[in-house]
Amino acid sequence: MILSSPFTASGAHHYEMPLSLRSFTSLNRALLSSSSPSSLLLRGSSLVPTMAASSTTTVSSTDAAPQLNQSTPSPPPVQVAKRLEKFKTTIFTQMSSLAIKHNAINLGQGFPNFDGPDFVKDAAIEAIKAGKNQYARGYGVPDLNSAIASRFQKDTGLIVDPEKEVTVTSGCTEAIAATILGLVNPGDEVVLFAPFYDSYEAVLSMAGANIKCITLRPPDFAVPLEELKSVVSANTKAIMINTPHNPTGKMFTREELEFIAQLCKENDVLVFTDEVYDKLSFEMDHISMASLPGMFNRTVTLNSLGKTFSLTGWKIGWAVAPPHLTWGVRQAHSFLTFATSTPMQFAAATALQTSDSYYEELKRDYLAKKAILVEGLEAVGFVVYPSSGTYFVVVDHTPFGFENDVAFCEHLIEEVGVVAIPTSVFYLNPEEGKNLVRFTFCKDEATLRGAVERMKHKLRKR
Amino acid sequence: MEGKVSRASRKLEASPIQELSQLAQTCRAINLAEGFPDFPAPPHLKAAALSAITGDFNQYRHVQGICHLLATQMKGRHGIAVNALSDFVICCGQSEAFAASIFAIVDPGDEVLLFDPAYETYESCILLAGGIPVYVPLSPPDWSFKKDELMKYFTSRTKALVLNSPHNPTGKVFTRDELETICEACKIMECFAITDEVYEYITYDRELHISLASLPGMQERTIITSSLSKTFSVTGWRIGWACAPANIASAIRNIHVKITDSAPAPFQEAALTALQSPPDYYCSLRTEYEARRDYVVQILSVLGFQVRFKPKGSVFIFAELPDHCELSDIEFVKKLIEKAGVAAVPGCGFFHTTPQPQDGEKYQRRYIRFAFCKSGETLSAARQKMEQCVNEDGQLSF
C-alpha cells in the first residue's frame, strides 16, 4: 500500500484515548467504514503525502505507547484541551489515499498542479543567495508591506499606511487565526455564512465565540438579507465574509455588501473579509468591503500570495486594517508564529509589483480552464451552479442517484477515477450540503480534459 | 475602539526585544540583542532550498521524510523511540509548534509552570489559551532551583511544565539531577511537560543536551518542540516541529492545520538536506560557537561586567552589571546603544517573579543579555566600540 498521510487514525488504534478525544476518534472510525458526512475539510490540504526516500508504511515496532501511571486511584489521565472537541480530522485524508489507490484525477485539492511564475521564484532564489535567511521584522519586511499597501490602493482606492495598517502572516490561514484570536472574546457573537472554509469555525471555537450561521442556498447562493438582519444585533461582534467565495464561487454583490455595511454601522459590528481569490473574479468585479463608505475603520481585509501566484506552499498572507484593529492582529500573530518566511517575503514584494498584464493573463488562463470543466460537467449531467469567481465550481450530484455527497464522491473515485470534495463538510449542519460537491479547475488543461472524459464514459445517471 | 481588541490579547504587550531592536536600527548600533546570526546560512542548505524552488516544490505539502530523519536522530542521540508516521507535526518554526502545543492541551484556568527568567513568548501563548502562568524562580548566580521547593508550585490545576534547555536567557543547561527532579514532579502530579530545545546542538565544555523525554516515564507525557533555525542559522525559514505521543500529536496537528496549515514548502525540502548533515557539521557548530562564547565572556569581564555564570549552552550570555554601576538594566542598555553603539537586551523583561529574600531585591534589574551568534568581525567591532566608553579603571561607564 502506498504511504498514506500519517494523519489517519492509526495512532488511535494503539493508544488509550483520553475521554475528551473519544468523540472525535469514533467519528474518525465511522468515516473509514461508512459515508458519514460529518467531518471537516481542508481547503488546500497540507496532507499530500510526498514520496520521500525513506518512506515506509511499516510502523516502527518501538511505538511510544503512553502507559500512564495507573498504580493508585489517581488524577484522571492527561487530557487534551476541551476546545479540540469541535475539531475533527479531515475527510480529505481518506479521500486522498483513496484517490491514490485508484489512480484518480484529483479535482478536489484546492491548489494547482502547475507551478508559479519564474520571475517570482527567481526573486526568492536571489533573496536566499543574498543572505536574507534570518528573522524578518515580525509584522513584515518593509518592502512587502509597501507593496501590499500599493496593491491595495490600486484595487480599492484606499491609501493605507504600510507600517501601521499592514501585517504579514504565514498565509491567509494564519491571518484569519490572528484576526480572530486577536479581536474576538469568549462569548462574542460572530456571524458566519455557510458553506464556509473550515478554519473559520475551528478558530472561532478556539476563541470561544458564539457562532451565528446563515446558509447561502443554490442556485445563486444569494445572501438572505432579512434573515441576516434578524440575526445581527448590538451583541454582534463581527461578521465573516469570504468573497469570492469558497466553495460556491459566489461573489458578494454591491447591494449585499451595502446591506451588510449598513447593519454593521447601525450595530457597531466589525467585518473580517477573506479575499484570497480576488484576482480570480470572472463574472463581475471584486468589491472590497473596506472600500465602502464608513467601513474601512471597522474592517480587516485578508489576502495572500498563494492563489494569485500559484505558490500555495510559500505561506505568505496579510491583513490590512486600521491601526486599532491591526494592533490586536499583530499581538496574536507575534505569539502564533513570531515572524514569516523571509526570502519568500522579498519575492512576494516583487510579485505584487508586477503589471496588470499578469492578472489579465491569469484570468484568461483560468477562464479557459473553467470552460473545459463546466462544459464537461454539464455534458455529463450535473446541475452546474454558476460560479462567478475562485477556481471552484459546485454542482448538484443527485441526478446520479446517490444518497449523499460523501457516497457520491466515494463512487466517483472508485468507479470513475475522479476526485471531488463533498461540500457537507463546509456546513455546521451537514444535511444542508448533501446534494452538492465541489470541483476545482486549478489544474492544467490536459488534466481537466482527462477528468471530463472519464466522467463522460463512466458516470451514469440513475 | 480599543474595546475591539480581545481581552486575551490586550493582556499581551509588544515584544520588548523587537522594540529595542528598532531603536538599535535607528542608532545603527551593533546588534548583540536579537538571537539570530549575521553570518550566512550553510551553503549546502541554501543550495537545497534553491533546488526545491526551481524543482517546483512550491505548493502545500507535508514532507514526511523530515519526520523519519528526526526520529532517527532522537533514537541515536537520546534513545527515544518515536513513530515517524504519527508523532510529529511540522510547523512554521518552534514558535508555532509551541503555540499549537499550548492550544492543544491548555484549557482556560489550567496552570502552566515556567522557570524564571523565561523567554517572553511562552507566557503570551499560555494567556492567549486562557491558561495561568506560574513561575518557578531560578536563583542567581548559577540559576539553580531547590528540589524540595519545586513541588510547592504544583497544584491540582497544573496542566504542564515548560522546560527550555539549553536556556534563554541564562545559557544554563539543566543537569540530569535537575531533570530527574522535574521528571518525578511531573509524574506525581500527572502533568505534561513541553520542552523548547531549539539550542539542543549548541552546548559547550563537552556538556551534552539531555532531552527530558528520554528520562523514565517522561516520553508519554512530553511534547518536544524544536526547529532548524538555530542549528542551521536559518531563523527566517520557519521550519520547526512538535513531537509527542500520537494522540497528543494529533491534537497539536489539528490546531496547527487551523493556524497555518503548512510550513513553507521549499524549506521543508531543504530540511531533508539539513537533517542529513554529517557529524562534522555539528562539531564545527559547537566549536565555533564556543570560541565566540569565550571571546565575549572575556571582553565583558574586562569591561567590568560580572560573568559569574558562564553559559553552558545557547547563544547568550546573561551578564550582571558592574558592581559600581547605579543604572538599571534598561537605563544601561539605552546608554550602551546611544553612546557605545552596541545593542543588548535588558534582563528585566525575562523576570516575572517577586525576588526571594535570599536573592536580594535588585538582581532582576541588574542583568543584560548579550547574543554572540554573530561573526568574528561583528564581535570584534562591538568590543572596540565599547572600549571607547571606559573609565580610568578600564570599565564601561556612562
# chains A, B, ... in the order shown; residues from 1 in each chain; ligands from 1
$ select_by_dssp --residues "region 262-297 of chain A" --states "alpha helix (DSSP H)" --output "PyMOL selection string"
chain A and resi 262-267
$ write_last_selection --atoms "N, CA and C atoms" --output "tab-separated table (two decimals), in the first residue's frame"
chain	number	residue	atom	x	y	z
A	262	GLN	N	-24.51	48.55	6.20
A	262	GLN	CA	-25.49	49.32	6.96
A	262	GLN	C	-25.75	48.70	8.32
A	263	LEU	N	-25.95	47.38	8.34
A	263	LEU	CA	-26.15	46.67	9.60
A	263	LEU	C	-24.96	46.86	10.53
A	264	CYS	N	-23.77	46.83	9.95
A	264	CYS	CA	-22.55	46.95	10.77
A	264	CYS	C	-22.44	48.34	11.40
A	265	LYS	N	-22.80	49.34	10.62
A	265	LYS	CA	-22.69	50.70	11.16
A	265	LYS	C	-23.75	50.93	12.23
A	266	GLU	N	-24.93	50.41	11.99
A	266	GLU	CA	-26.02	50.60	12.98
A	266	GLU	C	-25.71	49.90	14.29
A	267	ASN	N	-25.05	48.75	14.22
A	267	ASN	CA	-24.86	47.94	15.41
A	267	ASN	C	-23.41	47.89	15.89
$ residues_around --residues "region 117-126 of chain A" --least-positions-apart "3" --cutoff "9 Å" --atoms "only C-alpha atoms" --output "list in words"
Lys129, Ala130, Gly131, Lys132, Phe309, Ser310, Leu311, Pro343, Met344, Gln345, Phe346, Ala347, Ala348, Thr350 and Ala351 of chain A; Lys46, Ala49, Leu50, Ile53 and Thr54 of chain B
$ write_last_selection --atoms "N, CA and C atoms" --output "compact mmCIF listing (two decimals), in the first residue's frame"
# COMPACT_ATOMS: atom_id res chain seq x y z
N LYS A 129 20.13 33.65 -1.88
CA LYS A 129 21.56 33.81 -2.19
C LYS A 129 22.11 35.06 -1.53
N ALA A 130 21.30 36.11 -1.49
CA ALA A 130 21.78 37.38 -0.91
C ALA A 130 21.76 37.34 0.60
N GLY A 131 21.45 36.18 1.17
CA GLY A 131 21.56 36.03 2.62
C GLY A 131 20.35 36.49 3.41
N LYS A 132 19.22 36.63 2.76
CA LYS A 132 18.04 37.08 3.52
C LYS A 132 17.35 35.87 4.16
N PHE A 309 -0.61 33.67 -7.32
CA PHE A 309 0.67 33.36 -7.97
C PHE A 309 1.02 31.88 -7.98
N SER A 310 0.04 31.04 -7.70
CA SER A 310 0.23 29.59 -7.78
C SER A 310 1.45 29.13 -6.99
N LEU A 311 1.54 29.62 -5.76
CA LEU A 311 2.66 29.27 -4.88
C LEU A 311 2.10 29.03 -3.49
N PRO A 343 12.84 35.00 2.86
CA PRO A 343 13.10 35.13 1.41
C PRO A 343 11.81 35.22 0.61
N MET A 344 10.80 34.49 1.04
CA MET A 344 9.52 34.50 0.32
C MET A 344 8.86 35.87 0.39
N GLN A 345 9.11 36.59 1.47
CA GLN A 345 8.52 37.93 1.57
C GLN A 345 9.12 38.85 0.51
N PHE A 346 10.44 38.74 0.34
CA PHE A 346 11.07 39.57 -0.69
C PHE A 346 10.51 39.23 -2.06
N ALA A 347 10.35 37.95 -2.30
CA ALA A 347 9.81 37.52 -3.59
C ALA A 347 8.37 37.99 -3.75
N ALA A 348 7.63 37.98 -2.67
CA ALA A 348 6.23 38.42 -2.74
C ALA A 348 6.16 39.89 -3.10
N THR A 350 8.20 41.50 -4.99
CA THR A 350 8.41 41.54 -6.45
C THR A 350 7.14 41.15 -7.17
N ALA A 351 6.51 40.07 -6.69
CA ALA A 351 5.30 39.59 -7.34
C ALA A 351 4.22 40.67 -7.37
N LYS B 46 21.38 26.31 1.53
CA LYS B 46 20.83 27.28 0.58
C LYS B 46 20.67 26.62 -0.78
N ALA B 49 17.57 24.64 -0.89
CA ALA B 49 16.36 25.47 -1.00
C ALA B 49 16.17 25.95 -2.43
N LEU B 50 17.25 26.39 -3.04
CA LEU B 50 17.16 26.87 -4.42
C LEU B 50 16.67 25.77 -5.33
N ILE B 53 12.94 25.23 -4.99
CA ILE B 53 12.12 26.25 -5.65
C ILE B 53 12.09 26.01 -7.16
N THR B 54 13.27 25.76 -7.74
CA THR B 54 13.29 25.54 -9.19
C THR B 54 12.68 24.21 -9.54
$ closest_residue --among "A:Val276, A:Val191, A:Leu204, A:Leu412" --to "Glu227 (chain A)" --atoms "only C-alpha atoms"
A:Val191
$ select_by_dssp --residues "region 96-331 of chain B" --states "strand (DSSP E or B)" --output "compact mmCIF listing (two decimals) with all heavy atoms, in the first residue's frame"
# COMPACT_ATOMS: atom_id res chain seq x y z
N GLU B 111 -3.14 25.73 34.95
CA GLU B 111 -1.88 26.37 35.29
C GLU B 111 -0.73 25.73 34.53
O GLU B 111 -0.72 24.52 34.31
CB GLU B 111 -1.63 26.26 36.81
CG GLU B 111 -2.63 27.09 37.59
CD GLU B 111 -2.52 26.92 39.10
OE1 GLU B 111 -1.59 26.23 39.56
OE2 GLU B 111 -3.38 27.47 39.80
N VAL B 112 0.22 26.57 34.15
CA VAL B 112 1.40 26.06 33.44
C VAL B 112 2.63 26.62 34.14
O VAL B 112 2.76 27.82 34.31
CB VAL B 112 1.39 26.50 31.96
CG1 VAL B 112 2.65 25.99 31.25
CG2 VAL B 112 0.14 26.01 31.26
N LEU B 113 3.52 25.73 34.55
CA LEU B 113 4.74 26.14 35.25
C LEU B 113 5.82 26.55 34.27
O LEU B 113 6.01 25.92 33.23
CB LEU B 113 5.26 24.97 36.09
CG LEU B 113 4.92 24.99 37.57
CD1 LEU B 113 3.45 25.19 37.81
CD2 LEU B 113 5.39 23.70 38.24
N LEU B 114 6.52 27.62 34.63
CA LEU B 114 7.63 28.11 33.82
C LEU B 114 8.78 28.43 34.76
O LEU B 114 8.55 28.95 35.86
CB LEU B 114 7.22 29.41 33.12
CG LEU B 114 6.06 29.34 32.15
CD1 LEU B 114 5.35 30.68 32.04
CD2 LEU B 114 6.58 28.94 30.78
N PHE B 115 10.01 28.17 34.33
CA PHE B 115 11.17 28.59 35.12
C PHE B 115 11.48 30.05 34.78
O PHE B 115 11.43 30.44 33.62
CB PHE B 115 12.38 27.70 34.84
CG PHE B 115 12.24 26.33 35.42
CD1 PHE B 115 11.87 25.25 34.61
CD2 PHE B 115 12.45 26.11 36.77
CE1 PHE B 115 11.72 23.98 35.15
CE2 PHE B 115 12.31 24.83 37.32
CZ PHE B 115 11.94 23.77 36.50
N ASP B 116 11.82 30.82 35.81
CA ASP B 116 12.06 32.25 35.64
C ASP B 116 13.52 32.55 35.91
O ASP B 116 14.04 32.08 36.92
CB ASP B 116 11.19 33.00 36.64
CG ASP B 116 10.91 34.42 36.20
OD1 ASP B 116 10.61 34.61 35.01
OD2 ASP B 116 10.97 35.31 37.05
N ILE B 132 -2.98 29.93 33.01
CA ILE B 132 -2.38 30.77 34.05
C ILE B 132 -0.90 30.42 34.20
O ILE B 132 -0.58 29.30 34.61
CB ILE B 132 -3.09 30.55 35.40
CG1 ILE B 132 -4.58 30.88 35.25
CG2 ILE B 132 -2.45 31.39 36.50
CD1 ILE B 132 -5.41 30.41 36.41
N PRO B 133 0.00 31.34 33.84
CA PRO B 133 1.42 31.03 34.01
C PRO B 133 1.81 31.09 35.48
O PRO B 133 1.40 32.02 36.19
CB PRO B 133 2.13 32.11 33.22
CG PRO B 133 1.11 33.16 32.91
CD PRO B 133 -0.23 32.66 33.27
N VAL B 134 2.58 30.12 35.95
CA VAL B 134 3.07 30.09 37.33
C VAL B 134 4.59 29.97 37.25
O VAL B 134 5.11 29.03 36.64
CB VAL B 134 2.49 28.87 38.09
CG1 VAL B 134 3.13 28.73 39.46
CG2 VAL B 134 0.98 29.01 38.20
N TYR B 135 5.30 30.90 37.87
CA TYR B 135 6.75 30.94 37.70
C TYR B 135 7.51 30.30 38.85
O TYR B 135 7.25 30.57 40.01
CB TYR B 135 7.22 32.39 37.51
CG TYR B 135 6.86 32.89 36.15
CD1 TYR B 135 5.69 33.62 35.94
CD2 TYR B 135 7.67 32.59 35.05
CE1 TYR B 135 5.36 34.05 34.66
CE2 TYR B 135 7.34 33.02 33.77
CZ TYR B 135 6.17 33.75 33.59
OH TYR B 135 5.84 34.17 32.32
N VAL B 136 8.48 29.48 38.51
CA VAL B 136 9.40 28.88 39.48
C VAL B 136 10.72 29.62 39.35
O VAL B 136 11.38 29.53 38.31
CB VAL B 136 9.62 27.39 39.16
CG1 VAL B 136 10.58 26.77 40.16
CG2 VAL B 136 8.30 26.64 39.13
N PRO B 137 11.13 30.38 40.36
CA PRO B 137 12.33 31.19 40.20
C PRO B 137 13.61 30.35 40.20
O PRO B 137 13.74 29.41 40.98
CB PRO B 137 12.32 32.12 41.41
CG PRO B 137 11.38 31.51 42.38
CD PRO B 137 10.50 30.56 41.66
N SER B 139 17.55 30.77 40.98
CA SER B 139 18.28 31.74 41.80
C SER B 139 19.65 32.05 41.22
O SER B 139 20.40 31.13 40.88
CB SER B 139 18.47 31.19 43.21
OG SER B 139 17.23 31.11 43.85
N SER B 144 19.99 28.05 39.78
CA SER B 144 19.56 26.73 40.24
C SER B 144 18.21 26.86 40.93
O SER B 144 17.73 27.96 41.20
CB SER B 144 20.58 26.21 41.24
OG SER B 144 20.74 27.19 42.26
N THR B 158 -2.46 22.25 37.80
CA THR B 158 -1.28 22.33 36.93
C THR B 158 -1.44 21.36 35.76
O THR B 158 -1.59 20.16 35.97
CB THR B 158 0.00 21.98 37.70
OG1 THR B 158 0.09 22.79 38.87
CG2 THR B 158 1.23 22.19 36.82
N LYS B 159 -1.41 21.90 34.54
CA LYS B 159 -1.58 21.06 33.37
C LYS B 159 -0.24 20.68 32.77
O LYS B 159 -0.08 19.60 32.21
CB LYS B 159 -2.40 21.81 32.31
CG LYS B 159 -2.93 20.94 31.18
CD LYS B 159 -3.84 19.89 31.74
CE LYS B 159 -4.74 19.23 30.72
NZ LYS B 159 -5.75 20.07 30.14
N ALA B 160 0.72 21.60 32.85
CA ALA B 160 2.00 21.35 32.19
C ALA B 160 3.12 22.17 32.81
O ALA B 160 2.86 23.16 33.51
CB ALA B 160 1.89 21.70 30.70
N LEU B 161 4.33 21.73 32.53
CA LEU B 161 5.54 22.46 32.91
C LEU B 161 6.32 22.71 31.62
O LEU B 161 6.46 21.79 30.80
CB LEU B 161 6.36 21.63 33.89
CG LEU B 161 7.73 22.17 34.31
CD1 LEU B 161 8.04 21.75 35.74
CD2 LEU B 161 8.83 21.68 33.40
N VAL B 162 6.81 23.94 31.45
CA VAL B 162 7.59 24.26 30.25
C VAL B 162 9.06 24.24 30.61
O VAL B 162 9.48 24.87 31.59
CB VAL B 162 7.22 25.66 29.72
CG1 VAL B 162 8.15 26.06 28.57
CG2 VAL B 162 5.77 25.69 29.27
N LEU B 163 9.85 23.49 29.84
CA LEU B 163 11.29 23.42 30.09
C LEU B 163 12.06 23.88 28.86
O LEU B 163 11.97 23.25 27.81
CB LEU B 163 11.69 21.99 30.46
CG LEU B 163 13.19 21.83 30.70
CD1 LEU B 163 13.62 22.55 31.97
CD2 LEU B 163 13.56 20.34 30.80
N ASN B 164 12.81 24.95 29.01
CA ASN B 164 13.64 25.44 27.93
C ASN B 164 15.09 25.15 28.31
O ASN B 164 15.64 25.76 29.21
CB ASN B 164 13.39 26.95 27.75
CG ASN B 164 14.37 27.64 26.80
OD1 ASN B 164 14.78 28.78 27.04
ND2 ASN B 164 14.74 26.98 25.72
N PHE B 192 1.74 17.30 31.92
CA PHE B 192 2.56 17.32 30.72
C PHE B 192 3.86 18.09 30.97
O PHE B 192 3.93 18.94 31.86
CB PHE B 192 1.86 18.08 29.58
CG PHE B 192 0.74 17.36 28.91
CD1 PHE B 192 -0.57 17.67 29.21
CD2 PHE B 192 0.99 16.40 27.95
CE1 PHE B 192 -1.62 17.02 28.57
CE2 PHE B 192 -0.05 15.75 27.30
CZ PHE B 192 -1.36 16.06 27.62
N ALA B 193 4.84 17.81 30.13
CA ALA B 193 6.00 18.70 30.02
C ALA B 193 6.06 19.14 28.56
O ALA B 193 5.83 18.34 27.65
CB ALA B 193 7.28 17.97 30.40
N ILE B 194 6.31 20.41 28.34
CA ILE B 194 6.55 20.90 26.98
C ILE B 194 7.98 21.43 26.96
O ILE B 194 8.33 22.30 27.77
CB ILE B 194 5.61 22.05 26.60
CG1 ILE B 194 4.16 21.64 26.78
CG2 ILE B 194 5.85 22.48 25.15
CD1 ILE B 194 3.16 22.76 26.45
N THR B 195 8.80 20.89 26.08
CA THR B 195 10.19 21.34 26.04
C THR B 195 10.43 22.23 24.84
O THR B 195 9.83 22.04 23.79
CB THR B 195 11.17 20.16 25.98
OG1 THR B 195 11.03 19.49 24.73
CG2 THR B 195 10.95 19.19 27.11
N ASP B 196 11.33 23.20 25.03
CA ASP B 196 11.82 24.03 23.93
C ASP B 196 13.30 23.73 23.83
O ASP B 196 14.07 24.13 24.71
CB ASP B 196 11.57 25.52 24.24
CG ASP B 196 12.22 26.45 23.21
OD1 ASP B 196 12.89 25.96 22.27
OD2 ASP B 196 12.07 27.67 23.36
N THR B 203 25.92 23.42 22.75
CA THR B 203 26.34 23.24 24.14
C THR B 203 27.85 23.28 24.20
O THR B 203 28.52 23.01 23.20
CB THR B 203 25.84 21.91 24.72
OG1 THR B 203 26.29 20.83 23.89
CG2 THR B 203 24.32 21.88 24.79
N THR B 222 5.48 14.03 27.42
CA THR B 222 6.29 15.16 26.99
C THR B 222 6.02 15.53 25.54
O THR B 222 5.94 14.68 24.66
CB THR B 222 7.79 14.84 27.14
OG1 THR B 222 8.06 14.48 28.48
CG2 THR B 222 8.65 16.05 26.75
N ILE B 223 5.88 16.83 25.31
CA ILE B 223 5.83 17.38 23.96
C ILE B 223 7.17 18.07 23.72
O ILE B 223 7.52 19.00 24.43
CB ILE B 223 4.71 18.43 23.82
CG1 ILE B 223 3.35 17.81 24.13
CG2 ILE B 223 4.72 19.03 22.43
CD1 ILE B 223 2.22 18.83 24.24
N ILE B 224 7.91 17.56 22.75
CA ILE B 224 9.22 18.15 22.42
C ILE B 224 9.00 19.16 21.30
O ILE B 224 8.34 18.85 20.31
CB ILE B 224 10.18 17.06 21.90
CG1 ILE B 224 10.40 15.98 22.97
CG2 ILE B 224 11.51 17.67 21.46
CD1 ILE B 224 11.17 14.77 22.46
N THR B 225 9.53 20.37 21.45
CA THR B 225 9.48 21.31 20.32
C THR B 225 10.90 21.76 20.01
O THR B 225 11.71 21.93 20.92
CB THR B 225 8.60 22.56 20.58
OG1 THR B 225 9.23 23.39 21.55
CG2 THR B 225 7.22 22.17 21.03
N SER B 226 11.16 21.93 18.73
CA SER B 226 12.48 22.41 18.31
C SER B 226 12.39 22.90 16.87
O SER B 226 11.29 22.98 16.30
CB SER B 226 13.53 21.29 18.46
OG SER B 226 14.84 21.85 18.33
N SER B 227 13.53 23.26 16.30
CA SER B 227 13.49 23.78 14.93
C SER B 227 14.86 23.72 14.27
O SER B 227 15.86 23.39 14.91
CB SER B 227 13.00 25.22 14.93
OG SER B 227 14.03 26.08 15.38
N GLY B 240 9.95 24.23 11.97
CA GLY B 240 10.08 23.69 13.32
C GLY B 240 9.16 22.50 13.46
O GLY B 240 8.48 22.11 12.49
N TRP B 241 9.11 21.91 14.65
CA TRP B 241 8.27 20.72 14.83
C TRP B 241 7.92 20.52 16.28
O TRP B 241 8.58 21.03 17.20
CB TRP B 241 8.99 19.46 14.31
CG TRP B 241 10.36 19.30 14.86
CD1 TRP B 241 10.74 18.73 16.04
CD2 TRP B 241 11.59 19.74 14.24
NE1 TRP B 241 12.11 18.79 16.20
CE2 TRP B 241 12.65 19.40 15.12
CE3 TRP B 241 11.88 20.39 13.03
CZ2 TRP B 241 13.99 19.69 14.81
CZ3 TRP B 241 13.20 20.68 12.73
CH2 TRP B 241 14.25 20.34 13.63
N ALA B 242 6.83 19.77 16.45
CA ALA B 242 6.48 19.25 17.76
C ALA B 242 6.52 17.74 17.64
O ALA B 242 6.16 17.18 16.60
CB ALA B 242 5.08 19.71 18.15
N CYS B 243 6.97 17.08 18.72
CA CYS B 243 6.98 15.62 18.74
C CYS B 243 6.34 15.18 20.04
O CYS B 243 6.74 15.62 21.12
CB CYS B 243 8.40 15.09 18.62
SG CYS B 243 8.50 13.30 18.70
N GLN B 306 29.99 41.42 35.52
CA GLN B 306 30.23 40.24 36.35
C GLN B 306 29.62 39.04 35.64
O GLN B 306 28.38 38.93 35.53
CB GLN B 306 29.55 40.43 37.70
CG GLN B 306 30.01 41.70 38.41
CD GLN B 306 29.30 41.89 39.71
OE1 GLN B 306 29.51 41.13 40.65
NE2 GLN B 306 28.42 42.86 39.77
N GLY B 313 25.37 26.55 27.33
CA GLY B 313 24.66 26.28 26.07
C GLY B 313 23.95 27.55 25.62
O GLY B 313 24.04 28.58 26.30
N PHE B 316 23.66 32.89 24.20
CA PHE B 316 23.51 34.08 25.03
C PHE B 316 24.41 34.05 26.26
O PHE B 316 24.70 32.99 26.82
CB PHE B 316 22.06 34.20 25.53
CG PHE B 316 21.05 34.26 24.42
CD1 PHE B 316 20.16 33.20 24.24
CD2 PHE B 316 20.99 35.35 23.57
CE1 PHE B 316 19.22 33.25 23.21
CE2 PHE B 316 20.05 35.40 22.55
CZ PHE B 316 19.16 34.35 22.37
N ILE B 317 24.83 35.27 26.66
CA ILE B 317 25.47 35.44 27.97
C ILE B 317 24.61 36.39 28.77
O ILE B 317 24.22 37.45 28.28
CB ILE B 317 26.87 36.07 27.81
CG1 ILE B 317 27.78 35.09 27.10
CG2 ILE B 317 27.46 36.44 29.16
CD1 ILE B 317 29.10 35.68 26.70
N PHE B 318 24.31 36.00 30.00
CA PHE B 318 23.48 36.81 30.87
C PHE B 318 24.43 37.43 31.89
O PHE B 318 24.78 36.81 32.89
CB PHE B 318 22.44 35.90 31.53
CG PHE B 318 21.15 36.58 31.88
CD1 PHE B 318 20.54 37.46 30.99
CD2 PHE B 318 20.51 36.30 33.08
CE1 PHE B 318 19.32 38.06 31.30
CE2 PHE B 318 19.29 36.89 33.40
CZ PHE B 318 18.70 37.77 32.52
N ALA B 319 24.88 38.64 31.60
CA ALA B 319 25.93 39.24 32.41
C ALA B 319 25.36 40.25 33.39
O ALA B 319 24.43 40.99 33.06
CB ALA B 319 26.94 39.93 31.49
N GLU B 320 25.95 40.31 34.57
CA GLU B 320 25.47 41.25 35.57
C GLU B 320 26.24 42.56 35.45
O GLU B 320 27.44 42.57 35.16
CB GLU B 320 25.68 40.64 36.97
CG GLU B 320 24.81 41.30 38.03
CD GLU B 320 25.00 40.70 39.41
OE1 GLU B 320 25.55 39.57 39.49
OE2 GLU B 320 24.64 41.38 40.39
$ closest_residue --among "B:His256, B:Lys152, B:Arg286, B:Arg176" --to "chain A" --atoms "only C-alpha atoms"
B:His256
$ closest_residue --among "B:Gly236, B:Gly341, B:Pro141, B:Gly55" --to "chain A" --atoms "only C-alpha atoms"
B:Gly236
$ residues_around --residues "Lys443 (chain A)" --least-positions-apart "5" --cutoff "7 Å" --atoms "only C-alpha atoms" --output "list in words"
Pro112, Asn113, Phe114 and Leu448 of chain A
$ write_last_selection --atoms "N, CA and C atoms" --output "PDB file, in the first residue's frame"
ATOM      1  N   PRO A 112      -2.962  24.304  -7.283  1.00  0.00           N
ATOM      2  CA  PRO A 112      -2.641  23.983  -8.673  1.00  0.00           C
ATOM      3  C   PRO A 112      -1.700  22.784  -8.807  1.00  0.00           C
ATOM      4  N   ASN A 113      -1.781  22.123  -9.951  1.00  0.00           N
ATOM      5  CA  ASN A 113      -0.765  21.126 -10.277  1.00  0.00           C
ATOM      6  C   ASN A 113       0.248  21.700 -11.256  1.00  0.00           C
ATOM      7  N   PHE A 114       0.225  23.024 -11.423  1.00  0.00           N
ATOM      8  CA  PHE A 114       1.274  23.704 -12.173  1.00  0.00           C
ATOM      9  C   PHE A 114       1.909  24.700 -11.210  1.00  0.00           C
ATOM     10  N   LEU A 448      -7.758  18.435 -16.799  1.00  0.00           N
ATOM     11  CA  LEU A 448      -9.190  18.721 -16.795  1.00  0.00           C
ATOM     12  C   LEU A 448      -9.907  17.913 -17.882  1.00  0.00           C
TER      13      LEU A 448
END
$ residues_around --residues "Arg364 (chain A)" --least-positions-apart "4" --cutoff "12 Å" --atoms "only C-alpha atoms" --output "VMD selection string"
chain A and resid 279 to 282 357 to 360 368 to 371
$ closest_residue --among "A:Asn297, A:Thr167, A:Ser291, A:Thr447" --to "chain B" --atoms "only C-alpha atoms"
A:Asn297
$ atom_distance --atom1 "CA of Asp38 (chain B)" --atom2 "CA of Lys374 (chain B)"
5.2 Å
$ residues_around --residues "Val329 (chain A)" --least-positions-apart "2" --cutoff "7 Å" --atoms "only C-alpha atoms" --output "MDAnalysis selection string"
chainID A and resid 178:179 182:183 325:327 331:333
$ closest_residue --among "A:Ala177, A:Cys213, A:Leu192, A:Ala290" --to "Ala99 (chain B)" --atoms "only C-alpha atoms"
A:Ala177
$ residues_around --residues "Pro386 (chain A)" --least-positions-apart "5" --cutoff "10 Å" --atoms "only C-alpha atoms" --output "list in words"
Pro218, Pro219, Asp220, Phe221, Thr248, Gly249, Lys250, Glu283, Val374, Val393, Val394 and Val395 of chain A
$ closest_residue --among "A:Gly171, A:Gly381, A:Gly140, A:Gly450" --to "chain B" --atoms "only C-alpha atoms"
A:Gly171
$ atom_distance --atom1 "CA of Cys442 (chain A)" --atom2 "CA of Asp115 (chain A)"
10.7 Å
$ atom_distance --atom1 "CA of His457 (chain A)" --atom2 "CA of Gly389 (chain A)"
28.7 Å
$ decode --residues "region 122-126 of chain B" --atoms "N, CA and C atoms" --output "mmCIF file, in the first residue's frame"
data_model
loop_
_atom_site.group_PDB
_atom_site.id
_atom_site.type_symbol
_atom_site.label_atom_id
_atom_site.label_comp_id
_atom_site.auth_asym_id
_atom_site.auth_seq_id
_atom_site.Cartn_x
_atom_site.Cartn_y
_atom_site.Cartn_z
ATOM 1 N N TYR B 122 6.510 32.476 25.860
ATOM 2 C CA TYR B 122 5.759 31.358 26.444
ATOM 3 C C TYR B 122 4.510 31.860 27.163
ATOM 4 N N GLU B 123 4.709 32.873 28.003
ATOM 5 C CA GLU B 123 3.604 33.371 28.804
ATOM 6 C C GLU B 123 2.451 33.852 27.929
ATOM 7 N N SER B 124 2.802 34.536 26.851
ATOM 8 C CA SER B 124 1.763 35.079 25.979
ATOM 9 C C SER B 124 0.913 33.999 25.354
ATOM 10 N N CYS B 125 1.546 32.905 24.928
ATOM 11 C CA CYS B 125 0.768 31.795 24.356
ATOM 12 C C CYS B 125 -0.171 31.226 25.401
ATOM 13 N N ILE B 126 0.348 31.063 26.621
ATOM 14 C CA ILE B 126 -0.454 30.475 27.685
ATOM 15 C C ILE B 126 -1.658 31.371 27.980
#
